[in-house]
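The file my_file.cif contains mmCIF, C-alpha atoms and all ligand atoms:
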```cif
data_coords
loop_
_atom_site.label_atom_id
_atom_site.label_comp_id
_atom_site.auth_asym_id
_atom_site.auth_seq_id
_atom_site.Cartn_x
_atom_site.Cartn_y
_atom_site.Cartn_z
CA MET A 1 0.00 0.00 0.00
CA THR A 2 1.44 3.34 -0.95
CA SER A 3 0.34 6.45 0.87
CA PRO A 4 -1.56 9.12 -1.08
CA ARG A 5 0.81 11.68 -2.66
CA THR A 6 -0.39 15.14 -3.52
CA VAL A 7 1.54 17.78 -5.44
CA LEU A 8 0.55 21.43 -5.05
CA VAL A 9 2.22 24.16 -7.08
CA PHE A 10 2.52 27.76 -5.90
CA ARG A 11 3.58 30.90 -7.71
CA ASN A 12 6.51 31.39 -5.39
CA ASN A 13 8.08 30.38 -2.09
CA ASN A 14 6.13 33.04 -0.21
CA GLU A 15 2.73 31.65 -1.23
CA MET A 16 3.93 28.14 -0.47
CA ALA A 17 4.98 29.29 3.00
CA GLY A 18 1.57 30.88 3.60
CA PHE A 19 -0.17 27.62 2.70
CA MET A 20 2.12 25.65 5.02
CA VAL A 21 1.30 28.00 7.90
CA ARG A 22 -2.41 27.36 7.37
CA ARG A 23 -1.87 23.61 7.38
CA TRP A 24 0.23 23.94 10.56
CA VAL A 25 -2.67 25.73 12.23
CA GLU A 26 -5.13 22.97 11.28
CA ILE A 27 -2.86 20.04 12.10
CA SER A 28 -1.72 21.50 15.42
CA GLN A 29 -5.28 22.30 16.51
CA GLN A 30 -6.37 18.77 15.72
CA ALA A 31 -3.38 17.21 17.50
CA ILE A 32 -3.82 19.36 20.61
CA GLY A 33 -7.55 18.63 20.62
CA GLN A 34 -6.94 14.88 20.46
CA ARG A 35 -3.70 14.37 22.38
CA ARG A 36 -3.14 17.66 24.21
CA TYR A 37 0.16 18.37 22.43
CA PHE A 38 1.51 18.83 18.91
CA ALA A 39 4.84 17.18 18.01
CA VAL A 40 6.59 18.39 14.89
CA ALA A 41 10.02 17.77 13.34
CA LEU A 42 11.53 20.52 11.20
CA SER A 43 14.23 20.47 8.54
CA GLY A 44 17.11 22.82 7.89
CA GLY A 45 18.05 24.23 4.50
CA ARG A 46 17.08 27.49 2.81
CA THR A 47 13.64 26.58 1.43
CA PRO A 48 11.65 26.57 4.71
CA VAL A 49 13.13 29.78 6.12
CA GLY A 50 10.26 31.95 4.79
CA PHE A 51 7.77 29.52 6.29
CA TYR A 52 9.49 29.62 9.70
CA ARG A 53 9.51 33.42 9.65
CA LYS A 54 5.81 33.50 8.82
CA LEU A 55 5.08 31.05 11.63
CA ALA A 56 6.82 33.36 14.07
CA ASP A 57 4.55 36.18 12.89
CA THR A 58 1.38 34.11 13.26
CA GLY A 59 -0.60 34.97 16.37
CA LYS A 60 -2.54 32.63 18.62
CA LEU A 61 -0.49 29.50 18.03
CA ARG A 62 -0.36 27.20 21.05
CA TRP A 63 3.42 27.25 21.52
CA ASP A 64 2.93 26.07 25.11
CA ARG A 65 1.56 22.81 23.68
CA THR A 66 3.91 22.56 20.70
CA HIS A 67 7.04 20.39 20.83
CA ILE A 68 9.64 21.12 18.19
CA PHE A 69 12.19 18.49 17.16
CA LEU A 70 14.76 18.57 14.38
CA VAL A 71 14.61 16.27 11.38
CA ASP A 72 18.38 16.44 11.11
CA GLU A 73 21.40 18.38 12.24
CA ARG A 74 25.00 18.94 11.25
CA PHE A 75 27.60 17.78 13.75
CA VAL A 76 28.67 21.34 14.54
CA PRO A 77 28.13 23.61 17.57
CA PHE A 78 24.84 25.53 17.71
CA SER A 79 26.76 28.74 17.11
CA HIS A 80 28.10 27.46 13.76
CA GLN A 81 26.60 29.07 10.65
CA ASP A 82 25.60 25.62 9.33
CA SER A 83 23.73 24.54 12.47
CA ASN A 84 20.06 23.85 11.77
CA TYR A 85 19.19 24.63 15.36
CA GLY A 86 21.07 27.93 15.05
CA MET A 87 19.01 28.81 11.97
CA LEU A 88 15.73 27.80 13.63
CA ARG A 89 16.61 29.78 16.72
CA SER A 90 17.25 32.96 14.77
CA VAL A 91 14.24 32.84 12.43
CA LEU A 92 11.65 31.19 14.68
CA LEU A 93 12.46 30.09 18.22
CA SER A 94 13.88 33.38 19.47
CA ARG A 95 10.78 35.18 18.17
CA ILE A 96 8.06 33.10 19.83
CA ASN A 97 6.96 32.46 23.35
CA ILE A 98 7.77 28.76 23.61
CA PRO A 99 8.90 27.06 26.82
CA GLN A 100 12.54 25.92 26.58
CA GLU A 101 11.52 22.37 27.51
CA ASN A 102 9.34 22.22 24.37
CA ILE A 103 12.42 22.58 22.15
CA HIS A 104 14.29 19.36 21.38
CA PRO A 105 17.50 20.04 19.48
CA VAL A 106 20.02 17.38 18.46
CA VAL A 107 22.73 17.89 21.05
CA THR A 108 26.07 17.98 19.26
CA GLU A 109 28.25 18.48 22.34
CA GLU A 110 29.17 14.82 22.13
CA PRO A 111 32.40 13.04 21.24
CA SER A 112 31.07 11.70 17.93
CA PRO A 113 28.11 11.93 15.50
CA GLU A 114 27.20 8.39 16.57
CA SER A 115 26.94 9.29 20.25
CA SER A 116 25.01 12.42 19.33
CA ALA A 117 22.55 10.26 17.36
CA GLN A 118 22.22 7.86 20.29
CA ARG A 119 21.53 10.76 22.62
CA TYR A 120 18.86 12.09 20.27
CA GLU A 121 17.28 8.65 20.03
CA ASP A 122 17.23 8.39 23.84
CA ALA A 123 15.56 11.81 24.05
CA LEU A 124 12.89 10.73 21.56
CA LYS A 125 12.23 7.52 23.49
CA GLU A 126 11.85 9.46 26.69
CA PHE A 127 9.57 12.16 25.28
CA PHE A 128 7.27 9.71 23.51
CA ALA A 129 7.48 7.22 26.42
CA LEU A 130 8.37 4.43 24.02
CA SER A 131 8.69 0.83 25.03
CA VAL A 132 11.32 -1.39 23.36
CA ASN A 133 11.14 -1.59 19.56
CA ARG A 134 8.47 1.10 19.27
CA PHE A 135 8.66 4.19 17.08
CA PRO A 136 7.38 7.69 17.77
CA GLN A 137 4.53 9.15 15.78
CA PHE A 138 5.00 12.81 14.93
CA ASP A 139 1.97 14.88 14.03
CA LEU A 140 3.92 16.64 11.31
CA ILE A 141 7.32 16.29 9.64
CA VAL A 142 8.54 18.99 7.26
CA LEU A 143 11.16 17.87 4.74
CA GLY A 144 13.17 19.30 1.86
CA ILE A 145 14.77 17.69 -1.18
CA GLY A 146 18.42 18.15 -2.15
CA GLU A 147 19.52 18.30 -5.79
CA ASP A 148 20.87 14.76 -5.40
CA GLY A 149 17.51 13.51 -4.10
CA HIS A 150 18.48 13.40 -0.44
CA THR A 151 15.95 14.25 2.21
CA ALA A 152 16.61 14.84 5.91
CA SER A 153 20.25 13.63 6.04
CA LEU A 154 19.44 10.47 4.14
CA PHE A 155 21.69 10.50 1.09
CA PRO A 156 21.58 8.26 -2.02
CA GLY A 157 23.40 4.97 -1.40
CA SER A 158 23.65 5.48 2.36
CA GLU A 159 23.53 2.46 4.66
CA LEU A 160 21.15 4.49 6.83
CA LEU A 161 18.43 3.93 4.23
CA LYS A 162 18.30 0.29 5.38
CA GLU A 163 17.83 1.17 9.04
CA LYS A 164 14.95 -0.73 10.61
CA TYR A 165 15.41 -0.35 14.36
CA HIS A 166 17.04 2.97 15.21
CA LEU A 167 15.13 6.24 15.48
CA ALA A 168 18.17 8.39 14.72
CA GLY A 169 21.44 7.70 12.95
CA ALA A 170 24.74 9.30 12.02
CA ALA A 171 25.49 10.14 8.39
CA LEU A 172 29.23 10.35 7.92
CA LEU A 173 29.79 12.86 5.16
CA ASP A 174 32.62 15.12 4.05
CA GLU A 175 34.11 18.31 5.43
CA VAL A 176 31.93 20.58 3.32
CA ARG A 177 28.62 18.98 4.20
CA HIS A 178 29.68 18.00 7.75
CA HIS A 179 28.83 14.75 9.47
CA ARG A 180 25.15 14.77 10.37
CA ILE A 181 22.54 13.25 12.63
CA THR A 182 19.16 12.39 11.17
CA LEU A 183 15.81 10.83 11.90
CA THR A 184 15.55 7.48 10.14
CA LEU A 185 12.99 6.36 7.56
CA PRO A 186 10.96 4.24 10.03
CA VAL A 187 10.32 7.40 12.05
CA ILE A 188 9.55 9.60 9.06
CA ASN A 189 7.24 6.96 7.63
CA ARG A 190 5.16 6.80 10.79
CA SER A 191 4.36 10.49 10.84
CA ARG A 192 0.69 11.49 10.68
CA ASN A 193 1.51 14.13 8.09
CA VAL A 194 4.57 14.70 5.91
CA PHE A 195 5.10 17.83 3.82
CA PHE A 196 7.97 18.45 1.42
CA LEU A 197 8.81 22.04 0.56
CA VAL A 198 10.62 22.38 -2.78
CA SER A 199 11.69 25.64 -4.30
CA GLY A 200 13.89 26.98 -7.10
CA LYS A 201 14.86 25.98 -10.62
CA ASN A 202 17.88 23.99 -9.45
CA LYS A 203 15.36 21.48 -8.02
CA ALA A 204 13.33 21.05 -11.23
CA GLY A 205 15.26 17.99 -12.46
CA VAL A 206 15.24 16.09 -9.21
CA PHE A 207 11.64 17.03 -8.52
CA ARG A 208 10.55 15.43 -11.78
CA ARG A 209 12.53 12.27 -10.92
CA VAL A 210 10.82 12.14 -7.53
CA ILE A 211 7.28 12.85 -8.69
CA GLU A 212 7.05 11.31 -12.14
CA ASP A 213 9.84 8.73 -12.39
CA ARG A 214 9.54 7.69 -8.74
CA ASP A 215 13.22 6.79 -8.96
CA SER A 216 13.73 4.68 -5.86
CA SER A 217 17.46 5.41 -5.76
CA LEU A 218 16.43 8.84 -4.48
CA PRO A 219 15.85 8.85 -0.71
CA ALA A 220 12.97 11.35 -1.05
CA VAL A 221 11.06 8.66 -2.98
CA LEU A 222 11.37 6.28 -0.02
CA VAL A 223 9.25 8.60 2.10
CA ALA A 224 5.92 6.81 2.06
CA PRO A 225 4.14 7.13 5.40
CA LYS A 226 2.06 4.13 6.38
CA GLU A 227 -0.90 6.06 7.71
CA GLY A 228 -0.78 9.70 6.77
CA PRO A 229 -0.64 11.55 3.48
CA VAL A 230 2.53 12.96 1.92
CA THR A 231 2.17 16.36 0.30
CA PHE A 232 4.70 18.04 -1.98
CA LEU A 233 4.52 21.82 -2.03
CA ALA A 234 6.55 23.33 -4.83
CA ASP A 235 6.99 26.69 -6.48
CA GLU A 236 6.65 27.16 -10.23
CA GLU A 237 10.39 27.04 -10.83
CA ALA A 238 10.79 23.68 -9.11
CA SER A 239 7.77 22.28 -10.99
CA ASP A 240 8.90 23.53 -14.37
CA LEU A 241 9.89 20.10 -15.73
CA LEU A 242 6.78 18.22 -14.62
CA THR A 243 4.98 16.97 -17.71
CA VAL A 244 1.60 16.69 -16.05
CA ARG A 245 -0.05 20.04 -15.42
CA ARG A 246 -0.55 20.44 -11.69
CA LYS A 247 -3.24 22.41 -10.01
CA LYS A 248 -1.94 25.81 -9.03
CA GLU A 249 -2.81 26.98 -5.58
CA SER A 250 -3.77 30.57 -5.13
CA LYS A 251 -3.08 32.57 -2.00
C1 LIG A 301 19.28 20.21 5.86
C2 LIG A 301 18.20 19.30 5.44
C3 LIG A 301 18.17 18.87 4.02
C4 LIG A 301 17.44 19.93 3.20
C5 LIG A 301 17.72 19.76 1.72
C6 LIG A 301 17.13 20.88 0.91
O1 LIG A 301 19.49 20.32 7.02
O2 LIG A 301 19.92 20.81 4.99
O3 LIG A 301 17.34 18.88 6.32
O4 LIG A 301 17.61 17.62 3.82
O5 LIG A 301 16.08 19.91 3.46
O6 LIG A 301 19.10 19.73 1.51
O7 LIG A 301 17.78 22.07 1.27
P1 LIG A 301 17.37 23.49 0.70
O8 LIG A 301 16.06 23.83 1.27
O9 LIG A 301 18.46 24.41 1.19
O10 LIG A 301 17.37 23.34 -0.78
#
```

Now that the file is in, can you turn its structure into structure tokens?
Amino acid sequence: MTSPRTVLVFRNNNEMAGFMVRRWVEISQQAIGQRRYFAVALSGGRTPVGFYRKLADTGKLRWDRTHIFLVDERFVPFSHQDSNYGMLRSVLLSRINIPQENIHPVVTEEPSPESSAQRYEDALKEFFALSVNRFPQFDLIVLGIGEDGHTASLFPGSELLKEKYHLAGAALLDEVRHHRITLTLPVINRSRNVFFLVSGKNKAGVFRRVIEDRDSSLPAVLVAPKEGPVTFLADEEASDLLTVRRKKESK
């Protein structure tokens, strides 16, 4: 059974961000109504920055009942310019009234990416009160797609793509991209909602391979949640090479 996949095209990143804020409002209200809290995992990268800024400007969100996790992180200090937590702090977290204990960064003050991943996994198990061999269920996971088809820090050909038991893992990369810590596919694929945000003409080629070719060598294609829908939000530039005309969303 494959999960339903929806592609929505927007004129630009700003309209895409506005739509994502509205979905956040709906999904968080439903989660808080049903389970008293809303658990979300957010990605780094440039594409979602406009969305995070808009979220910070949105009034009446229940930040006291929102728990923010990271989809992935570079193995660098929070003060490093490539830290996802550092980016989130400057565009979102420092601008909202959220209790510190509701923020769940990947702690990188560890001797190795592997121990950092283990620490993150332990934190997830504790927050979600998981018994052995159980996986957490996020209400929402927001992902991006790299030009090589990676998502989170799951890169093409990585051994991590075969992970079946761990919630978090270490991706050992090069000096430029940094070693990273990432949620694994079993966690992503249990989320109640998954949204991809894809923007810019440099993504047009890979976006077509993900949406139309469904090229399974691309990690983004392996995101297929068991229960919830997966929705791709893209701007016109990123959708330029799709052969099927997609419905355009208006503001
Ligand atoms: C990160 C990610 C990564 C990202 C893609 C797309 O921390 O960089 O989580 O998977 O979403 O590389 O990045 P852009 O949005 O910058 O294109």

For this session: Within 8 Å of Leu233 (chain A), counting all atoms listed in the file, which residues show up once you throw out same-chain ones fewer than 4 positions away? Write them as a ChimeraX atom specification, please.
Result: /A:7-10,16,195-198

Problem set entry | Nearest candidate to Thr182 (chain A) (options A:Val223, A:Val25, A:Val71, A:Ala41; using all atoms listed in the file) |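 That would be A:Val71, the residue with the smallest distance to Thr182 (chain A).
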
Exercise. Using all atoms listed in the file, what residues lie at most 12 Å away from (15.8, 33.0, 15.0) (file coordinates), given as a PyMOL selection string?
Worked result: chain A and resi 49-50+52-57+79+83-96

Problem set entry | Within 10 Å of ligand LIG 301 (chain A) (only C-alpha atoms and all ligand atoms), residues as number ranges by chain | A: 42-49, 70-74, 82-85, 87, 142-155, 177, 180-183, 196-200, 202-203, 220

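Of the residues listed (A:Asp139, A:Leu241, A:Met20, A:Lys201), A:Asp139 shows the shortest atom-to-atom separation from Gln34 (chain A); distances use all atoms listed in the file.
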
For Gln137 (chain A), please output as a PDB file with C-alpha atoms, in the frame of the given file all residues within 10 Å (counting only C-alpha atoms; exclusion window: fewer than 4 positions along the same chain).
```pdb
ATOM      1  CA  ALA A  39       4.840  17.180  18.010  1.00  0.00           C
ATOM      2  CA  VAL A  40       6.590  18.390  14.890  1.00  0.00           C
ATOM      3  CA  PHE A 128       7.270   9.710  23.510  1.00  0.00           C
ATOM      4  CA  ILE A 141       7.320  16.290   9.640  1.00  0.00           C
ATOM      5  CA  PRO A 186      10.960   4.240  10.030  1.00  0.00           C
ATOM      6  CA  VAL A 187      10.320   7.400  12.050  1.00  0.00           C
ATOM      7  CA  ILE A 188       9.550   9.600   9.060  1.00  0.00           C
ATOM      8  CA  ASN A 189       7.240   6.960   7.630  1.00  0.00           C
ATOM      9  CA  ARG A 190       5.160   6.800  10.790  1.00  0.00           C
ATOM     10  CA  SER A 191       4.360  10.490  10.840  1.00  0.00           C
ATOM     11  CA  ARG A 192       0.690  11.490  10.680  1.00  0.00           C
ATOM     12  CA  ASN A 193       1.510  14.130   8.090  1.00  0.00           C
TER      13      ASN A 193
END
```

For this session: Grab the CA of Ser239 (chain A) to CA of Asn13 (chain A) distance for me, in Å with one decimal place.
Result: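 Distance between the two atoms: 12.0 Å.
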
For this session: Please provide as a list in words all residues within 10 Å of Val107 (chain A), with the sequence filter that same-chain residues fewer than 3 positions apart are discarded (counting all atoms listed in the file).
Result: Glu73, Phe75, Val76, Pro77, Phe78, Tyr85, His104, Glu110, Pro113, Ser115, Ser116, Ala117, Arg119, Tyr120, Ala123 and Ile181 of chain A

Save N, CA and C atoms of region 13-45 of chain A from the block above as a short mmCIF file (atom, residue, chain, number, x, y, z; two decimals), in the first residue's frame.
```
data_model
loop_
_atom_site.label_atom_id
_atom_site.label_comp_id
_atom_site.auth_asym_id
_atom_site.auth_seq_id
_atom_site.Cartn_x
_atom_site.Cartn_y
_atom_site.Cartn_z
N ASN A 13 7.81 30.94 -3.41
CA ASN A 13 8.08 30.38 -2.09
C ASN A 13 7.21 31.03 -1.02
N ASN A 14 6.92 32.31 -1.21
CA ASN A 14 6.13 33.04 -0.21
C ASN A 14 4.70 32.49 -0.11
N GLU A 15 4.10 32.20 -1.25
CA GLU A 15 2.73 31.65 -1.23
C GLU A 15 2.73 30.22 -0.68
N MET A 16 3.78 29.51 -1.01
CA MET A 16 3.93 28.14 -0.47
C MET A 16 4.03 28.20 1.06
N ALA A 17 4.80 29.15 1.54
CA ALA A 17 4.98 29.29 3.00
C ALA A 17 3.65 29.63 3.68
N GLY A 18 2.86 30.50 3.03
CA GLY A 18 1.57 30.88 3.60
C GLY A 18 0.65 29.68 3.71
N PHE A 19 0.66 28.84 2.68
CA PHE A 19 -0.17 27.62 2.70
C PHE A 19 0.28 26.71 3.84
N MET A 20 1.59 26.56 3.99
CA MET A 20 2.12 25.65 5.02
C MET A 20 1.75 26.15 6.42
N VAL A 21 1.73 27.45 6.60
CA VAL A 21 1.30 28.00 7.90
C VAL A 21 -0.15 27.61 8.18
N ARG A 22 -0.99 27.71 7.15
CA ARG A 22 -2.41 27.36 7.37
C ARG A 22 -2.57 25.88 7.70
N ARG A 23 -1.80 25.04 7.06
CA ARG A 23 -1.87 23.61 7.38
C ARG A 23 -1.36 23.35 8.80
N TRP A 24 -0.31 24.07 9.19
CA TRP A 24 0.23 23.94 10.56
C TRP A 24 -0.87 24.24 11.57
N VAL A 25 -1.61 25.33 11.31
CA VAL A 25 -2.67 25.73 12.23
C VAL A 25 -3.68 24.60 12.37
N GLU A 26 -4.12 24.06 11.24
CA GLU A 26 -5.13 22.97 11.28
C GLU A 26 -4.60 21.72 11.97
N ILE A 27 -3.41 21.30 11.56
CA ILE A 27 -2.86 20.04 12.10
C ILE A 27 -2.57 20.17 13.59
N SER A 28 -2.05 21.33 13.99
CA SER A 28 -1.72 21.50 15.42
C SER A 28 -2.99 21.56 16.26
N GLN A 29 -4.02 22.24 15.74
CA GLN A 29 -5.28 22.30 16.51
C GLN A 29 -5.86 20.91 16.70
N GLN A 30 -5.82 20.14 15.63
CA GLN A 30 -6.37 18.77 15.72
C GLN A 30 -5.55 17.93 16.71
N ALA A 31 -4.24 18.01 16.62
CA ALA A 31 -3.38 17.21 17.50
C ALA A 31 -3.60 17.60 18.97
N ILE A 32 -3.66 18.91 19.22
CA ILE A 32 -3.82 19.36 20.61
C ILE A 32 -5.21 18.95 21.13
N GLY A 33 -6.20 19.04 20.24
CA GLY A 33 -7.55 18.63 20.62
C GLY A 33 -7.60 17.14 20.99
N GLN A 34 -6.86 16.33 20.23
CA GLN A 34 -6.94 14.88 20.46
C GLN A 34 -5.95 14.36 21.50
N ARG A 35 -4.75 14.95 21.52
CA ARG A 35 -3.70 14.37 22.38
C ARG A 35 -3.09 15.38 23.34
N ARG A 36 -3.58 16.58 23.32
CA ARG A 36 -3.14 17.66 24.21
C ARG A 36 -1.82 18.32 23.81
N TYR A 37 -1.05 17.69 22.90
CA TYR A 37 0.16 18.37 22.43
C TYR A 37 0.36 18.09 20.94
N PHE A 38 1.22 18.92 20.34
CA PHE A 38 1.51 18.83 18.91
C PHE A 38 3.01 18.61 18.77
N ALA A 39 3.42 17.50 18.17
CA ALA A 39 4.84 17.18 18.01
C ALA A 39 5.23 17.29 16.54
N VAL A 40 6.20 18.12 16.27
CA VAL A 40 6.59 18.39 14.89
C VAL A 40 8.11 18.29 14.76
N ALA A 41 8.57 17.80 13.61
CA ALA A 41 10.02 17.77 13.34
C ALA A 41 10.29 18.62 12.11
N LEU A 42 11.25 19.53 12.24
CA LEU A 42 11.53 20.52 11.20
C LEU A 42 12.90 20.32 10.57
N SER A 43 12.98 20.61 9.28
CA SER A 43 14.23 20.47 8.54
C SER A 43 15.01 21.77 8.50
N GLY A 44 16.28 21.64 8.15
CA GLY A 44 17.11 22.82 7.89
C GLY A 44 17.00 23.18 6.41
N GLY A 45 18.04 23.82 5.91
CA GLY A 45 18.05 24.23 4.50
C GLY A 45 17.46 25.63 4.32
#
```
